[in-house]
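Reviewing the structure listed below.
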Amino acid sequence: MDWIALTKKWLLIPSVSFLILLLAGCWDRVEINDLAIVVGIGLHKTDDDLIELSMQMVNPSSMISGQGGSGGQQGNGQLTTVEKAVGKTFYDARSKLQEKISRKLFSGQNRVVFISEKMAEKGIRKHIDFLARHPKPRLRSFVFVTKESPAEFFKVMPNLEASSAETARELASLKIGMSVEAKDLLQMTSDESDNAALPVLEIEEEPPNTYGLRVKGTAVFKNGKMAGQLDDSVTRGLLWIRNEIENASVTIKPEDAKNYISFNIFEENTQLIPSIKNGNWKMTVKINSVDDAVENETKLNLINPDTVNRLEKQLEKRINKRIRKALKLVQKDMQSDILGFGEAFHRHYPDKWAKVKDNWNEKFSEITVEIKSDVKIKRPGRSASPPAVPEDKVINE
Amino acid sequence: MIEKGKISTLQMAILIYPTIIATAILLVPAITGEQARQDMWMSPIWASAAGFLSAFIAIQLNKRFPEQTIIQYSETIAGKFLGKVIGFVFIFFLAHICGVILREYGEFVKGNFLDTTPMIVILGSIAFVCALAVRGGLEVIARSAQIFVPVVTVLFIFVLLLLSPELNPANMLPVFEKGLMPSLRGAVVPAGWYLEFFMISFLLPFLRDRKKAVKWSAVTVIAVLITMVITNMVTLFVFGSLTPKFTYPVMEAARYISIAEFIQHMESVVMAIWVGGIFVKISVFFYAAVLSTAQWLNLSDYRPLVFPIALIVTVLGHWSASNLQELEIFLSETFPFYSFIFLAVIPVILLLAAAIRGKRSNKSSN
């Protein structure tokens with residue numbers, strides 16, 4: 001029966017070819033021009049306790065024209081759009097927002113999450129759940145607290161980046177202030193000591209045209225509610241303790257000099273060493289940093305080891321002062337452990353930690369802190385003695 | 001013999017490794033982390049005892065009945081009637097577990113990637129592919145595993161390497177915060193997975209070089225052990241106390257990868273790992289179910305059974321749980337005892353009975 005085999009063979013070819021149609025995966029494809037790509041999510045509370053959600057979306061068509069017109073953006077074709085909607089929960093508001101938008105919202109590329117101060121004060125815990133539940137948002141989005149409604153921030157058209165969400169993300173990755181990813185925020189709020197800190201974002205306005213965002217200080221959360229804010233200089237102290245200093249410069253005025261010297265910190269390491277002796281809880285903050293001089297307004301010759309020694313001592317004092325200032329505010333006034341002390345005690349003294357963890361914030365405020373900073377100035381920079389000062393006026397002691 | 005093919009011990013190892021690992025890295029880190037917290041990396045070490053135990057039992061039984069599977073020798077040991085009962089229950093167990101594995105795969109794919117595709121399509125398509133492999137025989141399954149497993153392993157190592165900048169080993173501290181108990185309790189569920197090593201009893205009769213079986217079984221248990229410890233460590237180092245809160249911690253970790261803002265969105269790699277691994281896992285269980293049925297019915301060929309049983313298994317998968325929560329409760333609370341009874345208690349009783357009654361297979365009975 002040869003013809004059966006033959007028919008089989010001929011039937012096989014069309015049925016296999018049919019499979020090709022399925023294999024291409026066009027079954028449930030989504031075209032990019034059917035999507036509204038969300039790059040920023042903003043959460044805000046209305047006066048009647050509802051959520052006002054704002055989203056910044058990139059406009060794919062202007063992205064394309066931007067790429068095509070090899071000279072970059074001209075500023076007329078708007079790159080991003082901002083929409084907002086009010087709802088009972090995040091997702092409720094999102095559905096309402098979807099009603100206004102002709103394309104499907106896609107938050108898989110989300111860069112930042114802005115939380116307004118107003119919402120932060122009322123508590124963020126219940127509102128950040130979607131970050132780890134909805135399948136699309138990424139745990140890598142950076143989270144900020146914004147002074148006003150996030151929609152205002154999304155409307156800002158920055159000069160250097162394509163969108164304000166992108167600006168915020170770049171600011172966070174530069175680590176000027178705190179930089180907190182969604183993962184870190186969830187870790188902080190789910191941790192036993194239950195305190196969190198987020199960077200605060202502000203609109204930088206310089207009329208008539210410069211317009212941008214800046215990180216300004218830190219918002220401190222206690223039990224999921226914003227308890228206060230730290231300004232920029234205190235934030236620096238906080239970063240020193242948290243071992244998050246990355247790009248920093250320190251400027252000091254040497255003793256008996258009228259002018260300043262600036263140093264660039266390029267290596268920094270902070271260790272938290274907890275100890276409990278006779279019921280006395282103590283935390284040793286050990287800081288090692290390596291600095292280079294980048295600017296010298298004085299007449300001091302930075303190649304002189306004695307001068308360098310004195311400057312090192314002074315830098316250490318300066319850093320200690322910063323940290324003390326941050327400690328006073330965070331430890332004594334706010335009594336909120338955003339420094340990672342609880343974590344350190346938990347890891348080294350699990351038994352003793354278990355006894356105090358329920359009122360950790362009170363215990364936290366009683367901890368004695370010792371700061372041991374060690375600054376090394378390794379190099380004077382490109383010039384040894386001040387290049388703009390005549391040789392006989394250089395101080396060489 | 002129904003199965004004409006022969007495989008090598010290395011092929012057996014390659015078949016069994018993904019049979020344990022494929023789903024063990026899916027839900028287990030979260031379930032273990034729930035109990036063991038920061039000691040979760042230790043749990044697979046304790047649990048591996050179960051792996052050595054069930055491999056030992058399978059090999060001991062095989063020494064007595066070299067050419068037979070549990071369905072056949074249970075008749076010799078326990079008598080015709082009781083043996084058939086054990087065989088029937090065992091077939092049902094295999095089919096049900098096969099359905100549950102299908103469902104785990106389906107839940108994962110539907111929950112993370114194909115959220116609008118009907119569950120039955122996801123289950124049916126993988127069941128169909130596995131059925132084709134099983135119809136091809138043991139050698140075909142073994143060879144496809146030989147192709148998939150190296151790729152899957154390399155991809156998995158790749159994902160772990162990409163995660164290395166995010167690791168924070170301090171998340172491991174304090175070790176033994178509440179003593180040994182949490183990590184032991186966390187070991188219960190992985191132990192259920194290790195018990196699946198008993199599946200080698202369906203492969204041992206078809207080995208070409210059976211003498212090496214002990215060595216390669218031990219190597220496989222250790223390979224599984226290392227993989228599970230590393231997986232748990234990596235998720236713990238990335239997420240710390242957050243780990244047990246995720247449904248699929250490894251998936252979240254892969255999503256979290258971002259190297260130079262260029263290498264990111266790695267979840268499709270995780271998907272590839274799981275589809276490859278789970279194909280082998282389902283094929284092994286499905287093969288065992290089909291072969292057992294054929295042996296139980298004294299058929300001369302198992303191939304006519306493949307597609308009917310594939311249908312049954314798919315439906316069992318569809319019915320095995322009404323949602324992911326039920327599936328997770330089943331896996332974390334029922335499954336360890338369920339598999340303990342079938343993959344440890346019954347074989348141990350059979351082995352003891354065979355030893356006491358001095359039963360061995362007589363060479364001529366095949």
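Lettering and numbering for the structure tokens are positional, with chains as A, B, ... in the shown order, residues counted from 1 in each chain, and ligands counted from 1 in the shown order.
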
Define the interface residues of chain A facing chain B as those within 9 Å, counting only C-alpha atoms, and report them as a list in words.
Asp28, Ala132, Arg133, Pro135, Lys136, Arg138, Leu139, Arg140, Lys183, Asp184, Leu186, Gln187, Ser190, Asp191, His346, Arg347, His348, Tyr349, Pro350 and Asp351 of chain A

Output file for the selection above: C-alpha atoms, as a tab-separated table (two decimals), in the first residue's frame:
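Dumped everything to again10.tsv:
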```tsv
chain	number	residue	atom	x	y	z
A	28	ASP	CA	-0.54	37.45	21.31
A	132	ALA	CA	6.48	43.57	44.46
A	133	ARG	CA	3.13	42.11	43.44
A	135	PRO	CA	4.12	41.43	37.51
A	136	LYS	CA	5.52	44.38	35.61
A	138	ARG	CA	10.87	46.35	38.53
A	139	LEU	CA	12.49	46.21	41.92
A	140	ARG	CA	15.18	48.42	40.52
A	183	LYS	CA	13.97	46.53	46.73
A	184	ASP	CA	15.82	48.52	49.40
A	186	LEU	CA	10.79	46.99	50.82
A	187	GLN	CA	13.72	45.58	52.77
A	190	SER	CA	9.90	44.77	56.26
A	191	ASP	CA	12.93	44.76	58.55
A	346	HIS	CA	20.85	41.77	65.38
A	347	ARG	CA	23.69	40.09	63.54
A	348	HIS	CA	26.18	40.11	66.38
A	349	TYR	CA	23.95	39.76	69.42
A	350	PRO	CA	20.83	37.88	68.27
A	351	ASP	CA	19.75	36.97	71.82
```

At a cut-off of 6 Å, using only C-alpha atoms, what residues contact Leu123 in chain B? Leave out same-chain residues fewer than 3 positions from it and give the result as a ChimeraX atom specification.
/B:106,120,126

Just to be explicit: take each residue in the selection above, keep N, CA and C atoms, and write the result as a compact mmCIF listing (two decimals), in the first residue's frame.
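To be explicit, this is the file written out as again-v6.txt:
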```txt
# COMPACT_ATOMS: atom_id res chain seq x y z
N GLY B 106 2.82 25.30 34.73
CA GLY B 106 1.76 26.13 34.16
C GLY B 106 1.55 27.40 34.97
N ILE B 120 -5.04 25.41 30.08
CA ILE B 120 -5.05 24.09 29.45
C ILE B 120 -4.14 24.05 28.22
N ILE B 126 3.03 21.40 26.72
CA ILE B 126 4.23 20.74 27.28
C ILE B 126 3.96 19.24 27.42
```

Looking only at the backbone, which of the residues in range 279-313 of chain B does DSSP tag as helix (DSSP H, G or I), as a ChimeraX atom specification?
/B:279-296,303-313

For N, CA and C atoms, I'd like the residues from the last selection saved as a PDB file, in the first residue's frame.
```pdb
ATOM      1  N   PHE B 279      10.936  20.107  31.117  1.00  0.00           N
ATOM      2  CA  PHE B 279      10.672  19.127  30.062  1.00  0.00           C
ATOM      3  C   PHE B 279      11.241  17.766  30.461  1.00  0.00           C
ATOM      4  N   VAL B 280      12.489  17.781  30.958  1.00  0.00           N
ATOM      5  CA  VAL B 280      13.111  16.528  31.370  1.00  0.00           C
ATOM      6  C   VAL B 280      12.373  15.950  32.566  1.00  0.00           C
ATOM      7  N   LYS B 281      12.047  16.822  33.526  1.00  0.00           N
ATOM      8  CA  LYS B 281      11.392  16.336  34.741  1.00  0.00           C
ATOM      9  C   LYS B 281      10.059  15.675  34.407  1.00  0.00           C
ATOM     10  N   ILE B 282       9.238  16.359  33.629  1.00  0.00           N
ATOM     11  CA  ILE B 282       7.930  15.796  33.293  1.00  0.00           C
ATOM     12  C   ILE B 282       8.111  14.503  32.500  1.00  0.00           C
ATOM     13  N   SER B 283       9.086  14.512  31.572  1.00  0.00           N
ATOM     14  CA  SER B 283       9.291  13.307  30.769  1.00  0.00           C
ATOM     15  C   SER B 283       9.637  12.114  31.647  1.00  0.00           C
ATOM     16  N   VAL B 284      10.510  12.325  32.646  1.00  0.00           N
ATOM     17  CA  VAL B 284      10.915  11.214  33.507  1.00  0.00           C
ATOM     18  C   VAL B 284       9.706  10.683  34.277  1.00  0.00           C
ATOM     19  N   PHE B 285       8.931  11.573  34.890  1.00  0.00           N
ATOM     20  CA  PHE B 285       7.771  11.122  35.664  1.00  0.00           C
ATOM     21  C   PHE B 285       6.724  10.486  34.758  1.00  0.00           C
ATOM     22  N   PHE B 286       6.554  11.107  33.611  1.00  0.00           N
ATOM     23  CA  PHE B 286       5.555  10.625  32.686  1.00  0.00           C
ATOM     24  C   PHE B 286       5.949   9.250  32.148  1.00  0.00           C
ATOM     25  N   TYR B 287       7.245   9.120  31.853  1.00  0.00           N
ATOM     26  CA  TYR B 287       7.752   7.834  31.393  1.00  0.00           C
ATOM     27  C   TYR B 287       7.508   6.767  32.453  1.00  0.00           C
ATOM     28  N   ALA B 288       7.813   7.115  33.714  1.00  0.00           N
ATOM     29  CA  ALA B 288       7.620   6.159  34.802  1.00  0.00           C
ATOM     30  C   ALA B 288       6.153   5.757  34.896  1.00  0.00           C
ATOM     31  N   ALA B 289       5.260   6.732  34.758  1.00  0.00           N
ATOM     32  CA  ALA B 289       3.828   6.441  34.860  1.00  0.00           C
ATOM     33  C   ALA B 289       3.388   5.512  33.730  1.00  0.00           C
ATOM     34  N   VAL B 290       3.849   5.812  32.515  1.00  0.00           N
ATOM     35  CA  VAL B 290       3.437   5.014  31.355  1.00  0.00           C
ATOM     36  C   VAL B 290       4.004   3.600  31.443  1.00  0.00           C
ATOM     37  N   LEU B 291       5.281   3.516  31.771  1.00  0.00           N
ATOM     38  CA  LEU B 291       5.936   2.219  31.868  1.00  0.00           C
ATOM     39  C   LEU B 291       5.277   1.372  32.950  1.00  0.00           C
ATOM     40  N   SER B 292       4.995   2.003  34.100  1.00  0.00           N
ATOM     41  CA  SER B 292       4.361   1.273  35.197  1.00  0.00           C
ATOM     42  C   SER B 292       3.013   0.722  34.772  1.00  0.00           C
ATOM     43  N   THR B 293       2.239   1.546  34.083  1.00  0.00           N
ATOM     44  CA  THR B 293       0.920   1.095  33.666  1.00  0.00           C
ATOM     45  C   THR B 293       1.028  -0.114  32.747  1.00  0.00           C
ATOM     46  N   ALA B 294       1.965  -0.024  31.793  1.00  0.00           N
ATOM     47  CA  ALA B 294       2.141  -1.132  30.849  1.00  0.00           C
ATOM     48  C   ALA B 294       2.571  -2.398  31.573  1.00  0.00           C
ATOM     49  N   GLN B 295       3.468  -2.239  32.553  1.00  0.00           N
ATOM     50  CA  GLN B 295       3.932  -3.412  33.293  1.00  0.00           C
ATOM     51  C   GLN B 295       2.823  -3.974  34.172  1.00  0.00           C
ATOM     52  N   TRP B 296       2.043  -3.078  34.732  1.00  0.00           N
ATOM     53  CA  TRP B 296       0.959  -3.502  35.607  1.00  0.00           C
ATOM     54  C   TRP B 296      -0.074  -4.313  34.834  1.00  0.00           C
ATOM     55  N   ARG B 303       3.765   2.010  24.179  1.00  0.00           N
ATOM     56  CA  ARG B 303       3.514   3.181  23.342  1.00  0.00           C
ATOM     57  C   ARG B 303       2.038   3.510  23.113  1.00  0.00           C
ATOM     58  N   PRO B 304       1.157   2.525  22.978  1.00  0.00           N
ATOM     59  CA  PRO B 304      -0.262   2.899  22.814  1.00  0.00           C
ATOM     60  C   PRO B 304      -0.814   3.658  24.021  1.00  0.00           C
ATOM     61  N   LEU B 305      -0.158   3.534  25.183  1.00  0.00           N
ATOM     62  CA  LEU B 305      -0.677   4.189  26.388  1.00  0.00           C
ATOM     63  C   LEU B 305      -0.272   5.654  26.493  1.00  0.00           C
ATOM     64  N   VAL B 306       0.750   6.045  25.710  1.00  0.00           N
ATOM     65  CA  VAL B 306       1.355   7.360  25.942  1.00  0.00           C
ATOM     66  C   VAL B 306       0.340   8.492  25.843  1.00  0.00           C
ATOM     67  N   PHE B 307      -0.393   8.557  24.717  1.00  0.00           N
ATOM     68  CA  PHE B 307      -1.274   9.711  24.549  1.00  0.00           C
ATOM     69  C   PHE B 307      -2.479   9.694  25.486  1.00  0.00           C
ATOM     70  N   PRO B 308      -3.113   8.513  25.691  1.00  0.00           N
ATOM     71  CA  PRO B 308      -4.216   8.508  26.682  1.00  0.00           C
ATOM     72  C   PRO B 308      -3.755   8.979  28.059  1.00  0.00           C
ATOM     73  N   ILE B 309      -2.578   8.497  28.497  1.00  0.00           N
ATOM     74  CA  ILE B 309      -2.120   8.917  29.825  1.00  0.00           C
ATOM     75  C   ILE B 309      -1.723  10.389  29.819  1.00  0.00           C
ATOM     76  N   ALA B 310      -1.191  10.867  28.691  1.00  0.00           N
ATOM     77  CA  ALA B 310      -0.876  12.293  28.600  1.00  0.00           C
ATOM     78  C   ALA B 310      -2.124  13.119  28.845  1.00  0.00           C
ATOM     79  N   LEU B 311      -3.235  12.662  28.278  1.00  0.00           N
ATOM     80  CA  LEU B 311      -4.496  13.385  28.477  1.00  0.00           C
ATOM     81  C   LEU B 311      -4.892  13.371  29.953  1.00  0.00           C
ATOM     82  N   ILE B 312      -4.785  12.185  30.555  1.00  0.00           N
ATOM     83  CA  ILE B 312      -5.150  12.071  31.971  1.00  0.00           C
ATOM     84  C   ILE B 312      -4.283  12.981  32.830  1.00  0.00           C
ATOM     85  N   VAL B 313      -2.974  12.973  32.538  1.00  0.00           N
ATOM     86  CA  VAL B 313      -2.045  13.774  33.329  1.00  0.00           C
ATOM     87  C   VAL B 313      -2.350  15.266  33.176  1.00  0.00           C
TER      88      VAL B 313
END
```

Ile157 in chain B surroundings by only C-alpha atoms, 12 Å radius, close-in-sequence under 3 positions cut, as a VMD selection string
chain B and resid 150 to 154 160 to 164 227 230 to 231 234 254 269 to 270 273

Could you turn the residues from that selection into a file that holds N, CA and C atoms, as an mmCIF file, in the first residue's frame?
```cif
data_model
loop_
_atom_site.group_PDB
_atom_site.id
_atom_site.type_symbol
_atom_site.label_atom_id
_atom_site.label_comp_id
_atom_site.auth_asym_id
_atom_site.auth_seq_id
_atom_site.Cartn_x
_atom_site.Cartn_y
_atom_site.Cartn_z
ATOM 1 N N PRO B 150 23.064 20.515 29.675
ATOM 2 C CA PRO B 150 24.230 21.400 29.673
ATOM 3 C C PRO B 150 23.853 22.860 29.394
ATOM 4 N N VAL B 151 22.931 23.065 28.452
ATOM 5 C CA VAL B 151 22.519 24.432 28.121
ATOM 6 C C VAL B 151 21.886 25.086 29.347
ATOM 7 N N VAL B 152 20.970 24.344 29.963
ATOM 8 C CA VAL B 152 20.263 24.864 31.133
ATOM 9 C C VAL B 152 21.251 25.202 32.250
ATOM 10 N N THR B 153 22.211 24.310 32.478
ATOM 11 C CA THR B 153 23.173 24.532 33.551
ATOM 12 C C THR B 153 24.025 25.762 33.269
ATOM 13 N N VAL B 154 24.473 25.890 32.028
ATOM 14 C CA VAL B 154 25.299 27.049 31.688
ATOM 15 C C VAL B 154 24.501 28.336 31.876
ATOM 16 N N LEU B 160 23.542 33.372 37.780
ATOM 17 C CA LEU B 160 24.139 33.539 39.103
ATOM 18 C C LEU B 160 25.352 34.468 39.038
ATOM 19 N N LEU B 161 26.145 34.337 37.987
ATOM 20 C CA LEU B 161 27.319 35.205 37.861
ATOM 21 C C LEU B 161 26.903 36.660 37.692
ATOM 22 N N LEU B 162 25.862 36.875 36.893
ATOM 23 C CA LEU B 162 25.415 38.246 36.675
ATOM 24 C C LEU B 162 24.886 38.865 37.964
ATOM 25 N N LEU B 163 24.457 38.020 38.889
ATOM 26 C CA LEU B 163 23.937 38.542 40.151
ATOM 27 C C LEU B 163 25.048 38.887 41.132
ATOM 28 N N SER B 164 26.268 38.441 40.824
ATOM 29 C CA SER B 164 27.320 38.580 41.828
ATOM 30 C C SER B 164 27.544 40.012 42.330
ATOM 31 N N THR B 227 23.696 22.781 43.964
ATOM 32 C CA THR B 227 22.840 23.720 43.243
ATOM 33 C C THR B 227 21.829 24.367 44.180
ATOM 34 N N ILE B 230 23.516 26.848 46.611
ATOM 35 C CA ILE B 230 23.924 28.086 45.947
ATOM 36 C C ILE B 230 22.701 28.933 45.606
ATOM 37 N N THR B 231 21.640 28.282 45.118
ATOM 38 C CA THR B 231 20.431 29.027 44.785
ATOM 39 C C THR B 231 19.889 29.752 46.017
ATOM 40 N N VAL B 234 22.203 32.643 47.037
ATOM 41 C CA VAL B 234 22.151 33.810 46.163
ATOM 42 C C VAL B 234 20.883 34.615 46.420
ATOM 43 N N ALA B 254 16.564 37.265 39.134
ATOM 44 C CA ALA B 254 16.967 37.406 37.733
ATOM 45 C C ALA B 254 16.430 38.710 37.153
ATOM 46 N N VAL B 269 15.663 34.356 30.337
ATOM 47 C CA VAL B 269 16.658 33.302 30.520
ATOM 48 C C VAL B 269 16.169 32.314 31.575
ATOM 49 N N VAL B 270 15.605 32.866 32.653
ATOM 50 C CA VAL B 270 15.068 31.997 33.694
ATOM 51 C C VAL B 270 13.975 31.107 33.116
ATOM 52 N N ILE B 273 15.542 28.353 31.224
ATOM 53 C CA ILE B 273 16.074 27.345 32.138
ATOM 54 C C ILE B 273 14.952 26.414 32.583
#
```

Write out as a PyMOL selection string each polymer residue whose atoms come within 8 Å of range 163-177 of chain A, counting only C-alpha atoms; drop sequence neighbours fewer than 3 positions from it.
chain A and resi 39-40+56+58+79-80+111-112+142+153-158+160+180+199+212-218+232+235-236+239+244-248

I'd like the interatomic distance between CA of His127 in chain A and CA of Lys45 in chain A, to a tenth of an Å.
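That distance, rounded to one decimal, is 10.6 Å.
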
Enter the distance from CA of Phe106 in chain A to CA of Ile263 in chain B, in Å, rounded to one decimal.
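According to the coordinates, CA of Phe106 in chain A and CA of Ile263 in chain B are separated by 20.0 Å.
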
Using only C-alpha atoms, which protein or nucleic acid residues come within 6 Å of Val145 in chain A? Drop anything in the same chain fewer than 2 positions from it, and give the result as number ranges by chain.
A: 114-116, 200

Pick out each residue of range 115-349 of chain B that DSSP on the backbone tags as strand (DSSP E or B); I need them as a list in words.
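After running DSSP on the backbone, range 115-349 of chain B has strand (DSSP E or B) at Leu207, Ser258, Ile259, Ile263 and Gln264 of chain B.
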
Please produce a file of those selected residues containing N, CA and C atoms, as an mmCIF file, in the first residue's frame.
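This is the output file selection_10.cif:
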```cif
data_model
loop_
_atom_site.group_PDB
_atom_site.id
_atom_site.type_symbol
_atom_site.label_atom_id
_atom_site.label_comp_id
_atom_site.auth_asym_id
_atom_site.auth_seq_id
_atom_site.Cartn_x
_atom_site.Cartn_y
_atom_site.Cartn_z
ATOM 1 N N LEU B 207 20.026 0.200 32.633
ATOM 2 C CA LEU B 207 21.386 0.715 32.566
ATOM 3 C C LEU B 207 22.297 -0.266 31.841
ATOM 4 N N SER B 258 21.009 43.898 36.651
ATOM 5 C CA SER B 258 21.230 45.021 35.754
ATOM 6 C C SER B 258 22.713 45.321 35.767
ATOM 7 N N ILE B 259 23.369 44.998 34.696
ATOM 8 C CA ILE B 259 24.798 45.261 34.606
ATOM 9 C C ILE B 259 24.984 46.384 33.615
ATOM 10 N N ILE B 263 22.820 44.891 30.402
ATOM 11 C CA ILE B 263 22.382 43.509 30.564
ATOM 12 C C ILE B 263 21.312 43.507 31.635
ATOM 13 N N GLN B 264 20.079 43.503 31.237
ATOM 14 C CA GLN B 264 19.006 43.457 32.206
ATOM 15 C C GLN B 264 17.812 42.739 31.591
#
```

10 Å contact set for Glu121 in chain A, only C-alpha atoms, chain neighbours under 6 positions out, as a ChimeraX atom specification
/A:45,219,221-222,224-228
